[in-house]
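*Asks:* You'll find protein15.tsv just under this line, and it carries TSV, C-alpha atoms.
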chain	number	residue	atom	x	y	z
M	62	MET	CA	-68.62	36.22	9.95
M	63	PRO	CA	-67.62	39.08	12.27
M	64	GLU	CA	-69.28	42.44	11.79
M	65	ASP	CA	-67.49	44.47	9.10
M	66	PHE	CA	-65.68	47.52	10.49
M	67	ALA	CA	-63.37	47.99	7.48
M	68	ASN	CA	-63.85	51.77	7.40
M	69	ASP	CA	-63.91	52.34	11.15
M	70	ARG	CA	-61.09	52.98	13.56
M	71	LEU	CA	-60.53	50.01	15.83
M	72	LEU	CA	-58.11	49.73	18.73
M	73	MET	CA	-56.51	46.32	19.08
M	74	LEU	CA	-55.81	45.83	22.77
M	75	ILE	CA	-54.16	43.07	24.77
M	76	GLU	CA	-56.02	42.45	28.03
M	77	LYS	CA	-53.49	40.41	29.97
M	78	SER	CA	-55.57	39.18	32.88
M	79	SER	CA	-58.63	38.57	30.70
M	80	HIS	CA	-56.29	36.55	28.46
M	81	CYS	CA	-57.37	37.94	25.11
M	82	LEU	CA	-56.74	40.28	22.22
M	83	SER	CA	-59.75	42.58	21.92
M	84	PHE	CA	-61.03	45.01	19.29
M	85	TYR	CA	-62.67	48.25	20.45
M	86	HIS	CA	-64.48	50.86	18.38
M	87	VAL	CA	-62.44	54.02	18.99
M	88	ASP	CA	-65.27	56.56	18.73
M	89	SER	CA	-67.82	54.74	20.86
M	90	GLY	CA	-65.55	52.64	23.09
M	91	ARG	CA	-67.71	49.64	22.24
M	92	LEU	CA	-66.17	46.18	22.43
M	93	VAL	CA	-66.44	44.83	18.88
M	94	ASP	CA	-64.88	41.41	19.31
M	95	SER	CA	-62.35	39.48	21.36
M	96	VAL	CA	-60.01	36.59	20.58
M	97	ALA	CA	-59.52	34.27	23.56
M	98	LEU	CA	-55.91	33.23	24.17
M	99	PRO	CA	-54.02	31.16	26.76
M	100	GLU	CA	-53.12	32.87	30.02
M	101	PHE	CA	-51.20	36.14	29.94
M	102	PRO	CA	-50.54	37.06	26.34
M	103	HIS	CA	-48.49	40.22	26.08
M	104	GLU	CA	-46.64	42.08	23.32
M	105	PHE	CA	-47.82	41.88	19.73
M	106	VAL	CA	-47.01	43.25	16.28
M	107	VAL	CA	-49.01	43.66	13.07
M	108	ASP	CA	-47.77	42.91	9.55
M	109	SER	CA	-47.39	45.54	6.81
M	110	GLU	CA	-50.74	44.76	5.20
M	111	ARG	CA	-52.50	44.67	8.58
M	112	ARG	CA	-53.89	41.24	7.87
M	113	HIS	CA	-52.23	39.36	10.71
M	114	ALA	CA	-51.14	40.08	14.25
M	115	TYR	CA	-48.49	38.03	16.05
M	116	VAL	CA	-48.91	37.76	19.82
M	117	GLY	CA	-46.17	36.48	22.10
M	118	HIS	CA	-47.24	34.08	24.85
M	119	TYR	CA	-45.44	35.47	27.88
M	120	GLY	CA	-47.48	33.13	30.07
M	121	VAL	CA	-46.88	34.85	33.42
M	122	ARG	CA	-48.41	38.05	34.74
M	123	THR	CA	-45.19	39.93	35.59
M	124	SER	CA	-41.46	39.62	35.05
M	125	SER	CA	-40.97	38.84	38.77
M	126	SER	CA	-42.74	35.47	38.40
M	127	THR	CA	-40.59	32.37	38.86
M	128	GLU	CA	-42.66	30.20	36.51
M	129	ALA	CA	-41.38	29.14	33.09
M	130	GLY	CA	-44.07	30.96	31.13
M	131	GLY	CA	-45.41	30.40	27.63
M	132	SER	CA	-43.60	29.16	24.53
M	133	SER	CA	-45.89	29.96	21.59
M	134	ILE	CA	-46.62	32.72	19.14
M	135	PHE	CA	-50.30	33.19	18.27
M	136	VAL	CA	-51.12	34.15	14.69
M	137	ILE	CA	-54.32	36.23	14.58
M	138	ASP	CA	-56.43	36.73	11.45
M	139	ILE	CA	-57.37	40.40	11.90
M	140	ALA	CA	-60.23	40.62	9.38
M	141	ASN	CA	-61.99	37.58	10.82
M	142	ARG	CA	-60.76	38.24	14.35
M	143	ARG	CA	-59.80	34.68	15.11
M	144	LEU	CA	-56.78	32.64	16.20
M	145	GLU	CA	-55.48	31.17	12.95
M	146	ARG	CA	-52.63	29.04	14.26
M	147	ARG	CA	-49.81	28.75	16.82
M	148	ILE	CA	-46.07	28.57	16.34
M	149	ASP	CA	-44.46	26.31	18.95
M	150	CYS	CA	-41.16	27.87	20.08
M	151	LYS	CA	-40.04	25.31	22.68
M	152	PRO	CA	-37.57	25.22	24.36
M	153	TYR	CA	-37.73	29.03	24.35
M	154	HIS	CA	-40.12	30.43	26.96
M	155	ARG	CA	-41.57	33.76	28.06
M	156	LEU	CA	-41.86	35.23	24.59
M	157	HIS	CA	-42.19	38.92	25.38
M	158	GLY	CA	-40.64	41.45	23.03
M	159	MET	CA	-42.02	41.19	19.48
M	160	GLY	CA	-40.89	42.91	16.28
M	161	ILE	CA	-41.43	42.86	12.53
M	162	ASP	CA	-39.21	44.32	9.80
M	163	ARG	CA	-40.09	45.83	6.43
M	164	PHE	CA	-39.85	42.40	4.82
M	165	ASP	CA	-42.50	41.08	7.26
M	166	ARG	CA	-39.95	38.85	8.96
M	167	LEU	CA	-41.04	38.24	12.54
M	168	TYR	CA	-38.83	38.44	15.64
M	169	ALA	CA	-39.61	37.26	19.18
M	170	LEU	CA	-37.46	37.64	22.30
M	171	SER	CA	-37.34	34.83	24.87
M	172	GLU	CA	-36.87	36.42	28.28
M	173	THR	CA	-35.71	33.25	30.04
M	174	ALA	CA	-33.28	32.07	27.35
M	175	GLY	CA	-31.99	35.49	26.30
M	176	VAL	CA	-32.47	34.50	22.66
M	177	LEU	CA	-33.92	36.50	19.77
M	178	LEU	CA	-35.84	34.21	17.41
M	179	GLN	CA	-36.48	35.02	13.75
M	180	PHE	CA	-39.18	33.70	11.40
M	181	ASP	CA	-38.67	34.56	7.73
M	182	THR	CA	-42.16	33.44	6.68
M	183	PRO	CA	-44.18	33.52	9.90
M	184	LEU	CA	-47.47	32.60	8.23
M	185	THR	CA	-46.09	29.15	7.43
M	186	ASP	CA	-42.94	28.64	9.55
M	187	GLU	CA	-43.21	25.83	12.09
M	188	VAL	CA	-39.84	26.57	13.72
M	189	PRO	CA	-37.53	29.60	13.85
M	190	THR	CA	-35.45	30.39	10.76
M	191	ARG	CA	-32.54	31.54	12.90
M	192	ALA	CA	-31.71	32.76	16.39
M	193	VAL	CA	-29.08	34.90	18.11
M	194	ALA	CA	-28.15	35.39	21.76
M	195	SER	CA	-29.26	38.69	23.27
M	196	GLY	CA	-26.02	39.10	25.22
M	197	GLY	CA	-27.89	39.97	28.42
M	198	LEU	CA	-29.98	38.48	31.23
M	199	LYS	CA	-33.79	38.62	31.47
M	200	SER	CA	-34.14	40.06	27.99
M	201	HIS	CA	-37.53	41.79	27.97
M	202	LEU	CA	-38.08	44.14	25.04
M	203	PHE	CA	-36.17	45.16	21.92
M	204	ALA	CA	-36.14	47.73	19.14
M	205	LEU	CA	-35.53	46.65	15.55
M	206	SER	CA	-34.07	48.45	12.55
M	207	ARG	CA	-36.45	48.58	9.59
M	208	ASP	CA	-34.29	46.20	7.54
M	209	GLY	CA	-33.86	43.75	10.41
M	210	GLN	CA	-30.06	44.05	10.40
M	211	TRP	CA	-29.84	45.31	13.99
M	212	ALA	CA	-31.80	44.74	17.18
M	213	TYR	CA	-31.36	46.48	20.52
M	214	CYS	CA	-32.32	44.30	23.50
M	215	MET	CA	-33.32	45.52	26.95
M	216	ASN	CA	-32.01	43.21	29.66
M	217	LEU	CA	-33.71	43.73	33.02
M	218	LEU	CA	-31.43	41.62	35.21
M	219	SER	CA	-28.03	42.55	33.76
M	220	HIS	CA	-29.23	46.19	33.48
M	221	THR	CA	-27.84	46.46	29.97
M	222	VAL	CA	-28.82	47.33	26.45
M	223	THR	CA	-27.22	45.13	23.80
M	224	LYS	CA	-26.85	45.64	20.06
M	225	VAL	CA	-27.14	42.35	18.17
M	226	ALA	CA	-27.15	41.34	14.49
M	227	PRO	CA	-30.15	39.02	13.91
M	228	GLN	CA	-28.92	38.02	10.44
M	229	ASN	CA	-25.33	37.32	11.48
M	230	ALA	CA	-24.74	35.38	14.70
M	231	VAL	CA	-20.94	35.67	14.42
M	232	VAL	CA	-21.24	39.37	15.32
M	233	ALA	CA	-20.80	39.57	19.09
M	234	PRO	CA	-23.38	41.59	21.06
M	235	ILE	CA	-22.24	45.07	22.08
M	236	ALA	CA	-23.39	46.02	25.57
M	237	VAL	CA	-23.87	49.32	27.37
M	238	SER	CA	-25.15	50.00	30.89
M	239	PRO	CA	-27.61	52.91	30.65
M	240	GLY	CA	-28.97	52.66	34.20
M	241	GLU	CA	-30.94	50.35	36.46
M	242	LYS	CA	-33.78	48.33	34.92
M	243	PRO	CA	-33.79	49.70	31.39
M	244	GLU	CA	-37.18	48.89	29.86
M	245	GLY	CA	-38.72	51.64	27.74
M	246	ILE	CA	-37.09	51.79	24.31
M	247	LEU	CA	-37.49	53.80	21.11
M	248	LEU	CA	-35.37	53.85	17.97
M	249	SER	CA	-35.38	57.27	16.29
M	250	SER	CA	-36.81	57.57	12.78
M	251	ASP	CA	-33.31	57.95	11.29
M	252	GLU	CA	-32.17	54.97	13.41
M	253	LYS	CA	-29.16	56.93	14.71
M	254	THR	CA	-30.38	57.34	18.29
M	255	LEU	CA	-31.78	54.87	20.79
M	256	TYR	CA	-33.88	56.34	23.60
M	257	ILE	CA	-33.98	54.33	26.84
M	258	SER	CA	-35.98	54.79	30.04
M	259	ASN	CA	-34.50	53.34	33.22
M	260	ARG	CA	-37.27	52.51	35.67
M	261	ILE	CA	-35.23	52.21	38.88
M	262	SER	CA	-32.68	54.93	38.04
M	263	ARG	CA	-35.48	57.31	36.98
M	264	THR	CA	-33.56	58.52	33.96
M	265	ILE	CA	-33.96	58.92	30.20
M	266	VAL	CA	-30.87	58.17	28.10
M	267	ALA	CA	-29.97	58.76	24.45
M	268	ILE	CA	-27.50	56.28	22.91
M	269	ASP	CA	-25.61	56.61	19.62
M	270	THR	CA	-26.52	53.42	17.75
M	271	GLU	CA	-23.29	53.43	15.73
M	272	THR	CA	-20.90	53.58	18.71
M	273	MET	CA	-23.30	52.39	21.44
M	274	GLU	CA	-22.09	55.26	23.60
M	275	ILE	CA	-24.38	57.34	25.80
M	276	LYS	CA	-24.84	60.81	24.32
M	277	ARG	CA	-27.19	62.36	26.88
M	278	ARG	CA	-28.83	61.54	30.18
M	279	ALA	CA	-31.60	63.35	32.07
M	280	PRO	CA	-33.72	62.70	35.17
M	281	SER	CA	-37.31	61.55	34.75
M	282	ARG	CA	-40.44	61.21	36.83
M	283	PRO	CA	-40.83	57.99	38.87
M	284	ASP	CA	-40.79	54.70	36.98
M	285	PRO	CA	-40.61	55.68	33.29
M	286	ALA	CA	-41.92	52.52	31.64
M	287	ARG	CA	-42.44	53.22	27.91
M	288	ILE	CA	-41.33	55.77	25.29
M	289	TYR	CA	-43.23	56.70	22.11
M	290	ALA	CA	-42.45	58.99	19.17
M	291	MET	CA	-44.72	61.98	18.82
M	292	PRO	CA	-45.48	63.50	15.39
M	293	ASP	CA	-43.40	66.63	16.09
M	294	ASN	CA	-40.21	64.70	16.95
M	295	ARG	CA	-40.81	65.00	20.68
M	296	LEU	CA	-41.11	61.97	22.95
M	297	LEU	CA	-44.00	60.76	25.07
M	298	VAL	CA	-42.96	58.89	28.22
M	299	VAL	CA	-45.50	57.09	30.40
M	300	ASN	CA	-44.47	56.81	34.05
M	301	TYR	CA	-46.01	53.74	35.69
M	302	GLU	CA	-45.64	54.35	39.44
M	303	GLY	CA	-45.53	58.09	38.73
M	304	ARG	CA	-49.08	57.80	37.31
M	305	SER	CA	-48.30	60.41	34.71
M	306	ALA	CA	-47.25	61.10	31.14
M	307	SER	CA	-44.37	63.39	30.15
M	308	VAL	CA	-43.47	65.14	26.92
M	309	ILE	CA	-39.70	65.11	26.42
M	310	ASP	CA	-37.47	67.12	24.08
M	311	SER	CA	-35.73	64.55	21.87
M	312	GLU	CA	-32.49	66.59	21.73
M	313	THR	CA	-32.01	67.76	25.33
M	314	LEU	CA	-34.16	65.06	27.02
M	315	GLU	CA	-35.66	67.81	29.18
M	316	GLU	CA	-39.29	67.51	30.23
M	317	LEU	CA	-41.43	70.07	28.38
M	318	ALA	CA	-44.82	69.17	29.87
M	319	PHE	CA	-46.54	66.51	31.93
M	320	THR	CA	-49.97	65.46	33.08
M	321	ASP	CA	-51.24	63.30	35.90
M	322	LEU	CA	-53.19	60.21	34.87
M	323	PRO	CA	-56.04	58.42	36.68
M	324	GLY	CA	-53.99	55.28	37.27
M	325	ARG	CA	-50.75	53.57	36.35
M	326	PRO	CA	-50.06	53.65	32.58
M	327	ALA	CA	-48.86	50.30	31.26
M	328	ALA	CA	-48.46	50.94	27.54
M	329	GLY	CA	-49.93	52.83	24.61
M	330	CYS	CA	-49.76	53.80	20.98
M	331	ILE	CA	-49.96	57.02	18.97
M	332	ASP	CA	-52.21	58.14	16.14
M	333	ALA	CA	-49.80	60.54	14.41
M	334	ASN	CA	-52.44	61.95	12.08
M	335	ALA	CA	-54.85	62.86	14.86
M	336	ASN	CA	-52.02	63.81	17.29
M	337	VAL	CA	-53.60	61.56	19.91
M	338	ALA	CA	-52.16	58.91	22.21
M	339	PHE	CA	-54.08	55.85	23.42
M	340	VAL	CA	-52.89	54.86	26.89
M	341	SER	CA	-53.80	51.71	28.84
M	342	ILE	CA	-54.39	52.35	32.55
M	343	ASP	CA	-54.36	49.79	35.37
M	344	THR	CA	-57.88	50.82	36.41
M	345	ASN	CA	-59.06	48.85	33.35
M	346	VAL	CA	-59.44	51.95	31.22
M	347	SER	CA	-58.16	52.98	27.81
M	348	LEU	CA	-57.89	56.74	27.51
M	349	GLN	CA	-57.25	59.10	24.62
M	350	LEU	CA	-54.75	61.87	25.30
M	351	ASP	CA	-54.58	65.03	23.17
M	352	LEU	CA	-50.86	65.42	22.52
M	353	LYS	CA	-51.13	69.19	22.01
M	354	THR	CA	-52.76	69.91	25.36
M	355	LEU	CA	-52.18	66.63	27.25
M	356	GLU	CA	-55.87	66.69	28.11
M	357	ILE	CA	-57.87	63.46	28.29
M	358	ILE	CA	-60.30	63.62	25.36
M	359	LYS	CA	-62.27	60.50	26.21
M	360	SER	CA	-61.91	57.10	27.81
M	361	PHE	CA	-63.66	53.77	27.84
M	362	GLN	CA	-63.79	50.80	30.17
M	363	THR	CA	-61.86	47.67	29.20
M	364	ARG	CA	-61.58	44.22	30.65
M	365	ASN	CA	-58.82	43.16	33.03
M	366	GLU	CA	-55.36	44.67	32.74
M	367	PRO	CA	-55.23	46.41	29.34
M	368	ASP	CA	-51.72	46.73	28.00
M	369	CYS	CA	-50.21	46.88	24.50
M	370	CYS	CA	-52.37	48.36	21.76
M	371	PHE	CA	-52.39	49.11	18.05
M	372	LEU	CA	-54.68	51.38	16.06
M	373	LEU	CA	-56.25	50.09	12.86
M	374	ASN	CA	-57.44	52.54	10.20
M	375	GLN	CA	-55.72	55.65	11.52
M	376	SER	CA	-57.59	58.91	10.95
Just give me the structure of the file as structure tokens.
*Replies:*
Amino acid sequence: MPEDFANDRLLMLIEKSSHCLSFYHVDSGRLVDSVALPEFPHEFVVDSERRHAYVGHYGVRTSSSTEAGGSSIFVIDIANRRLERRIDCKPYHRLHGMGIDRFDRLYALSETAGVLLQFDTPLTDEVPTRAVASGGLKSHLFALSRDGQWAYCMNLLSHTVTKVAPQNAVVAPIAVSPGEKPEGILLSSDEKTLYISNRISRTIVAIDTETMEIKRRAPSRPDPARIYAMPDNRLLVVNYEGRSASVIDSETLEELAFTDLPGRPAAGCIDANANVAFVSIDTNVSLQLDLKTLEIIKSFQTRNEPDCCFLLNQS
């Protein structure tokens, strides 16, 4: 049996080029355990009871690859830190964006097919329960309403954001063009505003989710890749090629503060209680960022290409 860390804070971390989901002790930075997976796993979500994680098999290192990519979802037993089973999603490949609603229904976005798959009981489902078209090309990430009634898909090649109804395929996708290469996405806590970062346009956009009209637009630092909600209703944006992190006012979209980072930030997560962000850096480092001062509190070495992360047992 794996060592028991039930009362400790562990960071679950995808290490894309080491092809695994790893568990790190937050305070010491020690690698606790690692679950080996097929090549290039990527996004993942955790269920409401934090018993299982669902990892999409993207199967290629970057979105510019011409290969077909993976076609499975890996179900991870968190307590025992092992691969419990796989869900075969063929013919849908490059499963990238992952989501889970308050009913623990699982959603996975196929980048190549532009299809959002749904699994009502993902612990036992062998095939998707339903699927809807994303309404865009090269559908990469998505945001999901808590009840699973709406999803907002980021489409890298059509440069669009589309609003789709996962439970009702007769509802046509509603598209808006927020800028070039929209990728970072955050749905506000009241679900009335969708925040988008456009990597090529270097802009941050706020969209009204009811009308799908752009409410505000502001310039950003180079290559804004991901957006996260801070505890005080501000936004944290990590800028990949800009090698920095920015704090953004959620109303005006103006930058309030920024800090340089020791590498390109790929992804992260936030501990709202501790007011700390965990950020994965392309120098194979996970760092902790104090959200009040934007100072780096500590960091630890990871394996190859750390990316998406999730904090267990928040402080």
*Asks:* From the options M:Lys353, M:Arg112, M:Arg70, M:Arg278, which residue's atoms come nearest to Tyr85 in chain M, counting all atoms listed in the file?
*Replies:* M:Arg70
*Asks:* Applying 9 Å and all atoms listed in the file, which residues near Pro326 in chain M remain after dropping the ones on its own chain fewer than 3 positions away? List them as a count of residues only.
*Replies:* 18
*Asks:* With all atoms listed in the file as the counted atoms, please give the residues lying no more than 9 Å from Glu252 in chain M, apart from itself and same-chain residues fewer than 4 positions off, as a VMD selection string.
*Replies:* chain M and resid 206 to 207 248 270
*Asks:* With distances taken over only C-alpha atoms, which residue among M:Lys151, M:Lys253, M:Arg91, M:Arg146 lies nearest Tyr115 in chain M?
*Replies:*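 Closest candidate: M:Arg146.
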*Asks:* Grab all the atoms of range 237-240 of chain M that the file lists, wrap them in a box along x, y and z, add 5 Å per side, and give me centre plus edge lengths in Å (one decimal) as lines of an AutoDock Vina configuration file.
*Replies:*
center_x = -26.4
center_y = 51.1
center_z = 30.8
size_x = 15.1
size_y = 13.6
size_z = 16.8
*Asks:* May I ask for the distance between CA of Val116 in chain M and CA of Pro243 in chain M, given in Å to one decimal place?
*Replies:*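 Here the two named atoms are 22.5 Å from each other.
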*Asks:* With distances taken over all atoms listed in the file, which of M:Gly90, M:Pro285, M:Gly197, M:Pro227 is nearest to Phe339 in chain M?
*Replies:*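 Answer, going by the shortest atom-to-atom distance: M:Gly90.
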*Asks:* May I have the protein, DNA and RNA residues with an atom at most 10 Å from (-37.0, 45.4, 4.9), counting all atoms listed in the file in the file's coordinates, returned as a list in words?
*Replies:*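 Output: Ile161, Asp162, Arg163, Phe164, Asp165, Arg166, Ser206, Arg207, Asp208, Gly209 and Gln210 of chain M.
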*Asks:* Give me the residues near Glu172 in chain M as a PDB file with C-alpha atoms, keeping the file's coordinate frame, where near means some atom within 7 Å (using all atoms listed in the file) and where sequence neighbours in that chain fewer than 5 positions away do not count.
*Replies:*
ATOM      1  CA  HIS M 154     -40.120  30.430  26.960  1.00  0.00           C
ATOM      2  CA  ARG M 155     -41.570  33.760  28.060  1.00  0.00           C
ATOM      3  CA  LEU M 156     -41.860  35.230  24.590  1.00  0.00           C
ATOM      4  CA  HIS M 157     -42.190  38.920  25.380  1.00  0.00           C
ATOM      5  CA  LYS M 199     -33.790  38.620  31.470  1.00  0.00           C
ATOM      6  CA  SER M 200     -34.140  40.060  27.990  1.00  0.00           C
ATOM      7  CA  HIS M 201     -37.530  41.790  27.970  1.00  0.00           C
TER       8      HIS M 201
END
*Asks:* Using Å and a single decimal, report how far CA of Gln228 in chain M sits from CA of Pro189 in chain M.
*Replies:*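 So the two atoms, CA of Pro189 in chain M and CA of Gln228 in chain M, lie 12.5 Å apart.
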*Asks:* Can you tell me how far CA of Leu74 in chain M sits from CA of Cys370 in chain M, in Å to one decimal?
*Replies:*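 About the pair CA of Leu74 in chain M and CA of Cys370 in chain M: they are 4.4 Å apart.
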*Asks:* What lies within 10 Å of Ala233 in chain M using only C-alpha atoms, ignoring chain neighbours under 3 positions off, as number ranges by chain?
*Replies:* M: 193-196, 223-226, 229-230, 236
*Asks:* Can you write out the residues you just picked, keeping C-alpha atoms, as a PDB file, in the frame of the given file?
*Replies:*
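Produced file again27.pdb, reproduced below:
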ATOM      1  CA  VAL M 193     -29.080  34.900  18.110  1.00  0.00           C
ATOM      2  CA  ALA M 194     -28.150  35.390  21.760  1.00  0.00           C
ATOM      3  CA  SER M 195     -29.260  38.690  23.270  1.00  0.00           C
ATOM      4  CA  GLY M 196     -26.020  39.100  25.220  1.00  0.00           C
ATOM      5  CA  THR M 223     -27.220  45.130  23.800  1.00  0.00           C
ATOM      6  CA  LYS M 224     -26.850  45.640  20.060  1.00  0.00           C
ATOM      7  CA  VAL M 225     -27.140  42.350  18.170  1.00  0.00           C
ATOM      8  CA  ALA M 226     -27.150  41.340  14.490  1.00  0.00           C
ATOM      9  CA  ASN M 229     -25.330  37.320  11.480  1.00  0.00           C
ATOM     10  CA  ALA M 230     -24.740  35.380  14.700  1.00  0.00           C
ATOM     11  CA  ALA M 236     -23.390  46.020  25.570  1.00  0.00           C
TER      12      ALA M 236
END
*Asks:* List as a PDB file with C-alpha atoms, in the frame of the given file the protein and nucleic acid residues near range 258-262 of chain M, meaning an atom at most 8 Å away when only C-alpha atoms are counted, but skip any in the same chain fewer than 6 places from it.
*Replies:*
ATOM      1  CA  PRO M 239     -27.610  52.910  30.650  1.00  0.00           C
ATOM      2  CA  GLY M 240     -28.970  52.660  34.200  1.00  0.00           C
ATOM      3  CA  GLU M 241     -30.940  50.350  36.460  1.00  0.00           C
ATOM      4  CA  LYS M 242     -33.780  48.330  34.920  1.00  0.00           C
ATOM      5  CA  PRO M 243     -33.790  49.700  31.390  1.00  0.00           C
ATOM      6  CA  GLU M 244     -37.180  48.890  29.860  1.00  0.00           C
ATOM      7  CA  GLY M 245     -38.720  51.640  27.740  1.00  0.00           C
ATOM      8  CA  ILE M 246     -37.090  51.790  24.310  1.00  0.00           C
ATOM      9  CA  PRO M 283     -40.830  57.990  38.870  1.00  0.00           C
ATOM     10  CA  ASP M 284     -40.790  54.700  36.980  1.00  0.00           C
ATOM     11  CA  PRO M 285     -40.610  55.680  33.290  1.00  0.00           C
ATOM     12  CA  ALA M 286     -41.920  52.520  31.640  1.00  0.00           C
ATOM     13  CA  ARG M 287     -42.440  53.220  27.910  1.00  0.00           C
ATOM     14  CA  ILE M 288     -41.330  55.770  25.290  1.00  0.00           C
TER      15      ILE M 288
END
*Asks:* Given only C-alpha atoms as the basis, pick out the residue of M:Ala279, M:Leu217, M:Ile137, M:Val121 nearest to Gly175 in chain M.
*Replies:*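 Between M:Ala279, M:Leu217, M:Ile137, M:Val121, the residue approaching Gly175 in chain M most closely is M:Leu217.
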*Asks:* So, with all atoms listed in the file as the atoms that count, which of M:Gly158, M:Leu218, M:His86, M:Asp181 lies closest to Ala204 in chain M?
*Replies:* M:Gly158
*Asks:* Can I get range 342-353 of chain M with N, CA and C atoms filled in, as an mmCIF file, keeping the file's coordinate frame?
*Replies:*
data_model
loop_
_atom_site.group_PDB
_atom_site.id
_atom_site.type_symbol
_atom_site.label_atom_id
_atom_site.label_comp_id
_atom_site.auth_asym_id
_atom_site.auth_seq_id
_atom_site.Cartn_x
_atom_site.Cartn_y
_atom_site.Cartn_z
ATOM 1 N N ILE M 342 -54.524 52.024 31.132
ATOM 2 C CA ILE M 342 -54.390 52.350 32.550
ATOM 3 C C ILE M 342 -54.793 51.144 33.393
ATOM 4 N N ASP M 343 -54.125 50.978 34.538
ATOM 5 C CA ASP M 343 -54.360 49.790 35.370
ATOM 6 C C ASP M 343 -55.697 49.783 36.078
ATOM 7 N N THR M 344 -56.508 50.808 35.899
ATOM 8 C CA THR M 344 -57.880 50.820 36.410
ATOM 9 C C THR M 344 -58.845 50.221 35.388
ATOM 10 N N ASN M 345 -58.282 49.476 34.423
ATOM 11 C CA ASN M 345 -59.060 48.850 33.350
ATOM 12 C C ASN M 345 -59.768 49.895 32.493
ATOM 13 N N VAL M 346 -58.959 50.852 32.048
ATOM 14 C CA VAL M 346 -59.440 51.950 31.220
ATOM 15 C C VAL M 346 -58.445 52.185 30.095
ATOM 16 N N SER M 347 -58.968 52.464 28.899
ATOM 17 C CA SER M 347 -58.160 52.980 27.810
ATOM 18 C C SER M 347 -58.551 54.438 27.612
ATOM 19 N N LEU M 348 -57.569 55.315 27.665
ATOM 20 C CA LEU M 348 -57.890 56.740 27.510
ATOM 21 C C LEU M 348 -57.208 57.314 26.280
ATOM 22 N N GLN M 349 -57.812 58.364 25.743
ATOM 23 C CA GLN M 349 -57.250 59.100 24.620
ATOM 24 C C GLN M 349 -56.713 60.431 25.133
ATOM 25 N N LEU M 350 -55.443 60.690 24.811
ATOM 26 C CA LEU M 350 -54.750 61.870 25.300
ATOM 27 C C LEU M 350 -54.437 62.784 24.133
ATOM 28 N N ASP M 351 -54.909 64.027 24.188
ATOM 29 C CA ASP M 351 -54.580 65.030 23.170
ATOM 30 C C ASP M 351 -53.123 65.423 23.355
ATOM 31 N N LEU M 352 -52.287 65.182 22.361
ATOM 32 C CA LEU M 352 -50.860 65.420 22.520
ATOM 33 C C LEU M 352 -50.483 66.900 22.456
ATOM 34 N N LYS M 353 -51.396 67.748 22.008
ATOM 35 C CA LYS M 353 -51.130 69.190 22.010
ATOM 36 C C LYS M 353 -51.351 69.792 23.381
#
